[in-house]
Each structure stands twice: as C-alpha cells, then as structure tokens.
Amino acid sequence: MNSLINKIKSKKYASLSDEIIEQEIEVFLRKKPKAKDKEIIKEVKTRLHKIYGSFQINKKKKRDMFLEELRKDPGSIDLHRKILETNLSTKERMRAYQTLYYRIFRLTGQPNTILDIGAGINPISYPYLECDPNYTALEIDQEDVDFINKYFKIKKIKGKAEVKAINAK
C-alpha cells in the first residue's frame, strides 16, 4: 500500500495525507479488486483531481506571502480577498460571500459554531460572517490545514483545522 501511495503522491498531491490516498485506493479496489497498480494509480489520481486538484491554481506561495502581510494588518479585507482569490473555489464565491452568509443566517440565525467540511481555504472568509463563531475546518490537504491554523492564530479566532476526509457511503 505504501508503494502505491508514494507513486500517487506526485508534486500535485504531495501535501495530501496518506490516509486520504489510502481511502481512495480502498474505494477503487472494492470496485475492481483485481486492478493492477498502473490502473489503480491512474484512477485514484483522476478521483483526487476531481475532489481536490481542480480547485488549485498553484498560488500557495502567494497566499503564504499574503498571510504574512495579514500578520501586520489582520483587519485588512483587501488581504483576505487576495488570499481567497488564490483558490478557484473561493475565488468564484468572492462577490457572493456577504450576501451568501446574510441569506443563510437570516434563515438559521447567527451560528455559535461552524463545521466546514471540505473547507479548503474557505475559513479565510471569516470576516464576511459578521459574527464570531467557533470554527472547525476539515480538509484533506495538510498544507491547507496548516495555513488555516496559522490564519486562526493570527486573527485570534476560536477555531481549528484538521486533516479529515468525509466519505459519503
């Protein structure tokens, strides 16, 4: 199993946890138990691209730079926007964050706690919440988890990010 995991962990997937990759291998092997390594690697990488890789735009160094700037100016909405724009998923939602949270909270009330499954870097949208909930972010990418935990520390947010995959069965 370790050999397969290492072959799958190319540069693009290097920061994904071994546990996540192992889960994807196991899911595939349940469907095709006699698959050869080459087919397993190809299919798991295809699946990882769909659930993770398609949102990445190779700007992790840039977001790290913006996070360092945020240490000096933690209230900067402009820096939050720049960080959110380093990921396709959050970039798409940039214009909608305030309206999105307003509409959700109008129905649910303001939350005391948020559980963000498949968080990516969405916790950077925290200022748009316009409330101060505890925040738990679950993500499959260790670098994203570390990044979010640094962000929570800088902003003094009661939150934590963890590497965790939630599989719908």
# chains A, B, ... in the order shown; residues from 1 in each chain; ligands from 1
$ closest_atom_pairs --of "stretch 22-68 of chain A" --to "stretch 72-83 of chain A" --cutoff "8 Å" --atoms "only C-alpha atoms" --output "CSV"
residue,atom,partner,partner_atom,distance
A:Lys62,CA,A:Ile83,CA,8.0
A:Arg63,CA,A:Ile83,CA,5.1
A:Phe66,CA,A:Leu79,CA,6.2
A:Leu67,CA,A:Ile83,CA,7.4
A:Glu68,CA,A:Lys72,CA,7.3
$ write_last_selection --atoms "N, CA, C and O atoms" --output "mmCIF file, in the first residue's frame"
data_model
loop_
_atom_site.group_PDB
_atom_site.id
_atom_site.type_symbol
_atom_site.label_atom_id
_atom_site.label_comp_id
_atom_site.auth_asym_id
_atom_site.auth_seq_id
_atom_site.Cartn_x
_atom_site.Cartn_y
_atom_site.Cartn_z
ATOM 1 N N LYS A 62 2.059 32.455 -2.978
ATOM 2 C CA LYS A 62 1.473 33.794 -2.964
ATOM 3 C C LYS A 62 0.553 33.970 -1.759
ATOM 4 O O LYS A 62 0.589 34.977 -1.069
ATOM 5 N N ARG A 63 -0.266 32.965 -1.482
ATOM 6 C CA ARG A 63 -1.163 33.070 -0.323
ATOM 7 C C ARG A 63 -0.372 33.116 0.974
ATOM 8 O O ARG A 63 -0.763 33.804 1.913
ATOM 9 N N PHE A 66 0.697 36.641 1.386
ATOM 10 C CA PHE A 66 -0.424 37.471 1.838
ATOM 11 C C PHE A 66 -0.728 37.226 3.317
ATOM 12 O O PHE A 66 -1.071 38.152 4.047
ATOM 13 N N LEU A 67 -0.586 35.984 3.764
ATOM 14 C CA LEU A 67 -0.828 35.675 5.169
ATOM 15 C C LEU A 67 0.193 36.384 6.058
ATOM 16 O O LEU A 67 -0.159 36.906 7.124
ATOM 17 N N GLU A 68 1.439 36.428 5.614
ATOM 18 C CA GLU A 68 2.462 37.153 6.372
ATOM 19 C C GLU A 68 2.130 38.643 6.444
ATOM 20 O O GLU A 68 2.313 39.282 7.486
#
$ select_by_dssp --residues "stretch 117-163 of chain A" --states "helix (DSSP H, G or I)" --output "list in words"
Asn122, Pro123, Ile124, Ser125, Tyr126, Pro127, Tyr128, Leu129, Gln142, Glu143, Asp144, Val145, Asp146, Phe147, Ile148, Asn149, Lys150, Tyr151, Phe152, Lys153, Ile154 and Lys155 of chain A
$ write_last_selection --atoms "N, CA, C and O atoms" --output "PDB file, in the first residue's frame"
ATOM      1  N   ASN A 122     -11.683  28.249   2.609  1.00  0.00           N
ATOM      2  CA  ASN A 122     -12.907  28.998   2.893  1.00  0.00           C
ATOM      3  C   ASN A 122     -12.900  29.702   4.255  1.00  0.00           C
ATOM      4  O   ASN A 122     -13.491  30.777   4.386  1.00  0.00           O
ATOM      5  N   PRO A 123     -12.248  29.176   5.302  1.00  0.00           N
ATOM      6  CA  PRO A 123     -12.240  29.898   6.576  1.00  0.00           C
ATOM      7  C   PRO A 123     -11.677  31.324   6.488  1.00  0.00           C
ATOM      8  O   PRO A 123     -11.954  32.155   7.352  1.00  0.00           O
ATOM      9  N   ILE A 124     -10.949  31.628   5.423  1.00  0.00           N
ATOM     10  CA  ILE A 124     -10.436  32.992   5.241  1.00  0.00           C
ATOM     11  C   ILE A 124     -11.596  33.961   5.015  1.00  0.00           C
ATOM     12  O   ILE A 124     -11.454  35.163   5.193  1.00  0.00           O
ATOM     13  N   SER A 125     -12.761  33.456   4.700  1.00  0.00           N
ATOM     14  CA  SER A 125     -13.935  34.317   4.526  1.00  0.00           C
ATOM     15  C   SER A 125     -14.556  34.708   5.867  1.00  0.00           C
ATOM     16  O   SER A 125     -15.603  35.353   5.902  1.00  0.00           O
ATOM     17  N   TYR A 126     -13.914  34.372   6.961  1.00  0.00           N
ATOM     18  CA  TYR A 126     -14.434  34.628   8.308  1.00  0.00           C
ATOM     19  C   TYR A 126     -14.936  36.060   8.521  1.00  0.00           C
ATOM     20  O   TYR A 126     -16.002  36.242   9.104  1.00  0.00           O
ATOM     21  N   PRO A 127     -14.230  37.090   8.051  1.00  0.00           N
ATOM     22  CA  PRO A 127     -14.740  38.452   8.279  1.00  0.00           C
ATOM     23  C   PRO A 127     -16.108  38.703   7.649  1.00  0.00           C
ATOM     24  O   PRO A 127     -16.870  39.538   8.129  1.00  0.00           O
ATOM     25  N   TYR A 128     -16.431  37.972   6.594  1.00  0.00           N
ATOM     26  CA  TYR A 128     -17.712  38.148   5.921  1.00  0.00           C
ATOM     27  C   TYR A 128     -18.877  37.525   6.702  1.00  0.00           C
ATOM     28  O   TYR A 128     -20.041  37.789   6.397  1.00  0.00           O
ATOM     29  N   LEU A 129     -18.564  36.706   7.705  1.00  0.00           N
ATOM     30  CA  LEU A 129     -19.607  36.101   8.526  1.00  0.00           C
ATOM     31  C   LEU A 129     -20.357  37.161   9.341  1.00  0.00           C
ATOM     32  O   LEU A 129     -21.524  37.006   9.640  1.00  0.00           O
ATOM     33  N   GLN A 142      -2.869  18.726   3.980  1.00  0.00           N
ATOM     34  CA  GLN A 142      -2.146  19.145   5.185  1.00  0.00           C
ATOM     35  C   GLN A 142      -1.653  20.590   5.088  1.00  0.00           C
ATOM     36  O   GLN A 142      -1.693  21.330   6.069  1.00  0.00           O
ATOM     37  N   GLU A 143      -1.204  21.013   3.911  1.00  0.00           N
ATOM     38  CA  GLU A 143      -0.744  22.397   3.764  1.00  0.00           C
ATOM     39  C   GLU A 143      -1.892  23.382   3.984  1.00  0.00           C
ATOM     40  O   GLU A 143      -1.701  24.429   4.603  1.00  0.00           O
ATOM     41  N   ASP A 144      -3.080  23.064   3.485  1.00  0.00           N
ATOM     42  CA  ASP A 144      -4.242  23.928   3.711  1.00  0.00           C
ATOM     43  C   ASP A 144      -4.593  23.967   5.197  1.00  0.00           C
ATOM     44  O   ASP A 144      -4.915  25.024   5.742  1.00  0.00           O
ATOM     45  N   VAL A 145      -4.542  22.819   5.856  1.00  0.00           N
ATOM     46  CA  VAL A 145      -4.832  22.747   7.294  1.00  0.00           C
ATOM     47  C   VAL A 145      -3.850  23.617   8.073  1.00  0.00           C
ATOM     48  O   VAL A 145      -4.248  24.413   8.931  1.00  0.00           O
ATOM     49  N   ASP A 146      -2.562  23.485   7.775  1.00  0.00           N
ATOM     50  CA  ASP A 146      -1.557  24.304   8.462  1.00  0.00           C
ATOM     51  C   ASP A 146      -1.788  25.788   8.203  1.00  0.00           C
ATOM     52  O   ASP A 146      -1.678  26.617   9.117  1.00  0.00           O
ATOM     53  N   PHE A 147      -2.108  26.124   6.969  1.00  0.00           N
ATOM     54  CA  PHE A 147      -2.365  27.509   6.580  1.00  0.00           C
ATOM     55  C   PHE A 147      -3.550  28.081   7.369  1.00  0.00           C
ATOM     56  O   PHE A 147      -3.470  29.178   7.922  1.00  0.00           O
ATOM     57  N   ILE A 148      -4.636  27.332   7.432  1.00  0.00           N
ATOM     58  CA  ILE A 148      -5.835  27.794   8.143  1.00  0.00           C
ATOM     59  C   ILE A 148      -5.547  27.927   9.634  1.00  0.00           C
ATOM     60  O   ILE A 148      -5.987  28.902  10.276  1.00  0.00           O
ATOM     61  N   ASN A 149      -4.814  26.995  10.211  1.00  0.00           N
ATOM     62  CA  ASN A 149      -4.482  27.110  11.636  1.00  0.00           C
ATOM     63  C   ASN A 149      -3.625  28.346  11.911  1.00  0.00           C
ATOM     64  O   ASN A 149      -3.815  29.021  12.933  1.00  0.00           O
ATOM     65  N   LYS A 150      -2.711  28.678  11.010  1.00  0.00           N
ATOM     66  CA  LYS A 150      -1.933  29.920  11.159  1.00  0.00           C
ATOM     67  C   LYS A 150      -2.858  31.131  11.084  1.00  0.00           C
ATOM     68  O   LYS A 150      -2.721  32.082  11.851  1.00  0.00           O
ATOM     69  N   TYR A 151      -3.790  31.080  10.141  1.00  0.00           N
ATOM     70  CA  TYR A 151      -4.754  32.176   9.994  1.00  0.00           C
ATOM     71  C   TYR A 151      -5.571  32.353  11.273  1.00  0.00           C
ATOM     72  O   TYR A 151      -5.732  33.469  11.776  1.00  0.00           O
ATOM     73  N   PHE A 152      -6.091  31.258  11.820  1.00  0.00           N
ATOM     74  CA  PHE A 152      -6.874  31.332  13.061  1.00  0.00           C
ATOM     75  C   PHE A 152      -6.041  31.966  14.180  1.00  0.00           C
ATOM     76  O   PHE A 152      -6.543  32.771  14.958  1.00  0.00           O
ATOM     77  N   LYS A 153      -4.776  31.607  14.243  1.00  0.00           N
ATOM     78  CA  LYS A 153      -3.898  32.154  15.290  1.00  0.00           C
ATOM     79  C   LYS A 153      -3.688  33.657  15.088  1.00  0.00           C
ATOM     80  O   LYS A 153      -3.777  34.443  16.038  1.00  0.00           O
ATOM     81  N   ILE A 154      -3.406  34.061  13.858  1.00  0.00           N
ATOM     82  CA  ILE A 154      -3.200  35.485  13.552  1.00  0.00           C
ATOM     83  C   ILE A 154      -4.433  36.296  13.904  1.00  0.00           C
ATOM     84  O   ILE A 154      -4.348  37.366  14.502  1.00  0.00           O
ATOM     85  N   LYS A 155      -5.595  35.793  13.547  1.00  0.00           N
ATOM     86  CA  LYS A 155      -6.859  36.510  13.751  1.00  0.00           C
ATOM     87  C   LYS A 155      -7.462  36.283  15.137  1.00  0.00           C
ATOM     88  O   LYS A 155      -8.498  36.843  15.454  1.00  0.00           O
TER      89      LYS A 155
END
$ atom_distance --atom1 "atom CA of A:Pro133" --atom2 "atom CA of A:Thr113"
4.9 Å
$ select_by_dssp --residues "stretch 91-160 of chain A" --states "strand (DSSP E or B)" --output "number ranges by chain"
A: 113-117, 134-139, 141, 159-160
$ closest_residue --among "A:Ile40, A:Lys45, A:Pro111, A:Leu88" --to "A:Glu26" --atoms "only C-alpha atoms"
A:Ile40
$ residues_around --residues "stretch 19-21 of chain A" --least-positions-apart "3" --cutoff "9 Å" --atoms "only C-alpha atoms" --output "PyMOL selection string"
chain A and resi 5+8-9+16+24-26+44+48+140-141+163-165
$ residues_around --residues "A:Asp37" --least-positions-apart "4" --cutoff "12 Å" --atoms "only C-alpha atoms" --output "short mmCIF file (atom, residue, chain, number, x, y, z; two decimals) with N, CA and C atoms, in the first residue's frame"
data_model
loop_
_atom_site.label_atom_id
_atom_site.label_comp_id
_atom_site.auth_asym_id
_atom_site.auth_seq_id
_atom_site.Cartn_x
_atom_site.Cartn_y
_atom_site.Cartn_z
N MET A 1 0.83 -1.20 0.00
CA MET A 1 0.00 0.00 0.00
C MET A 1 0.87 1.26 0.00
N ASN A 2 1.94 1.26 0.80
CA ASN A 2 2.82 2.44 0.86
C ASN A 2 3.44 2.76 -0.48
N SER A 3 3.78 1.72 -1.23
CA SER A 3 4.36 1.93 -2.56
C SER A 3 3.37 2.64 -3.48
N LEU A 4 2.11 2.22 -3.45
CA LEU A 4 1.07 2.86 -4.27
C LEU A 4 0.87 4.32 -3.83
N ILE A 5 0.80 4.52 -2.54
CA ILE A 5 0.60 5.88 -2.01
C ILE A 5 1.72 6.79 -2.49
N ASN A 6 2.95 6.32 -2.39
CA ASN A 6 4.10 7.14 -2.81
C ASN A 6 4.08 7.44 -4.31
N LYS A 7 3.60 6.51 -5.11
CA LYS A 7 3.52 6.75 -6.56
C LYS A 7 2.41 7.75 -6.88
N ILE A 8 1.37 7.76 -6.10
CA ILE A 8 0.26 8.69 -6.31
C ILE A 8 0.62 10.08 -5.83
N ILE A 25 -7.73 4.57 -2.59
CA ILE A 25 -7.28 3.29 -3.15
C ILE A 25 -8.24 2.18 -2.74
N PHE A 28 -11.51 2.32 -4.63
CA PHE A 28 -11.35 1.81 -6.00
C PHE A 28 -11.21 0.29 -6.01
N LEU A 29 -10.43 -0.24 -5.07
CA LEU A 29 -10.21 -1.70 -5.05
C LEU A 29 -11.48 -2.47 -4.69
N LYS A 32 -12.89 -2.71 -8.17
CA LYS A 32 -12.06 -3.52 -9.09
C LYS A 32 -10.93 -4.17 -8.29
N PRO A 33 -11.24 -5.23 -7.57
CA PRO A 33 -10.24 -5.84 -6.68
C PRO A 33 -9.02 -6.43 -7.38
N ILE A 41 -3.30 3.60 -9.82
CA ILE A 41 -2.67 4.93 -9.75
C ILE A 41 -3.42 5.92 -10.63
N LYS A 42 -3.70 5.51 -11.85
CA LYS A 42 -4.40 6.40 -12.79
C LYS A 42 -5.78 6.79 -12.27
N GLU A 43 -6.55 5.82 -11.83
CA GLU A 43 -7.92 6.08 -11.38
C GLU A 43 -7.95 6.89 -10.09
N VAL A 44 -7.05 6.62 -9.17
CA VAL A 44 -7.02 7.38 -7.91
C VAL A 44 -6.59 8.82 -8.18
#
$ atom_distance --atom1 "atom CA of A:Tyr97" --atom2 "atom CA of A:Gly159"
19.4 Å
$ residues_around --residues "A:Glu85" --least-positions-apart "5" --cutoff "10 Å" --atoms "only C-alpha atoms" --output "number ranges by chain"
A: 57, 59, 63, 79-80, 90-94, 121
$ write_last_selection --atoms "N, CA and C atoms" --output "mmCIF file, in the first residue's frame"
data_model
loop_
_atom_site.group_PDB
_atom_site.id
_atom_site.type_symbol
_atom_site.label_atom_id
_atom_site.label_comp_id
_atom_site.auth_asym_id
_atom_site.auth_seq_id
_atom_site.Cartn_x
_atom_site.Cartn_y
_atom_site.Cartn_z
ATOM 1 N N ILE A 57 -4.759 26.451 -7.980
ATOM 2 C CA ILE A 57 -4.226 27.237 -9.090
ATOM 3 C C ILE A 57 -2.765 27.636 -8.841
ATOM 4 N N LYS A 59 -0.955 28.777 -6.393
ATOM 5 C CA LYS A 59 -0.646 30.072 -5.799
ATOM 6 C C LYS A 59 -0.434 29.961 -4.297
ATOM 7 N N ARG A 63 -0.266 32.965 -1.482
ATOM 8 C CA ARG A 63 -1.163 33.070 -0.323
ATOM 9 C C ARG A 63 -0.372 33.116 0.974
ATOM 10 N N LEU A 79 -6.492 42.058 1.931
ATOM 11 C CA LEU A 79 -5.621 40.882 2.029
ATOM 12 C C LEU A 79 -6.447 39.591 2.101
ATOM 13 N N HIS A 80 -7.576 39.638 2.795
ATOM 14 C CA HIS A 80 -8.462 38.468 2.817
ATOM 15 C C HIS A 80 -8.906 38.132 1.392
ATOM 16 N N THR A 90 -12.904 29.424 -3.795
ATOM 17 C CA THR A 90 -13.202 30.641 -3.045
ATOM 18 C C THR A 90 -13.194 31.868 -3.953
ATOM 19 N N LYS A 91 -12.398 31.841 -5.004
ATOM 20 C CA LYS A 91 -12.382 32.954 -5.956
ATOM 21 C C LYS A 91 -13.756 33.120 -6.597
ATOM 22 N N GLU A 92 -14.389 31.979 -6.923
ATOM 23 C CA GLU A 92 -15.729 32.015 -7.526
ATOM 24 C C GLU A 92 -16.754 32.653 -6.597
ATOM 25 N N ARG A 93 -16.568 32.472 -5.299
ATOM 26 C CA ARG A 93 -17.546 32.983 -4.327
ATOM 27 C C ARG A 93 -17.242 34.390 -3.821
ATOM 28 N N MET A 94 -16.140 34.972 -4.250
ATOM 29 C CA MET A 94 -15.699 36.264 -3.701
ATOM 30 C C MET A 94 -16.813 37.307 -3.672
ATOM 31 N N ILE A 121 -9.676 26.733 1.658
ATOM 32 C CA ILE A 121 -9.283 27.949 2.389
ATOM 33 C C ILE A 121 -10.499 28.832 2.679
#
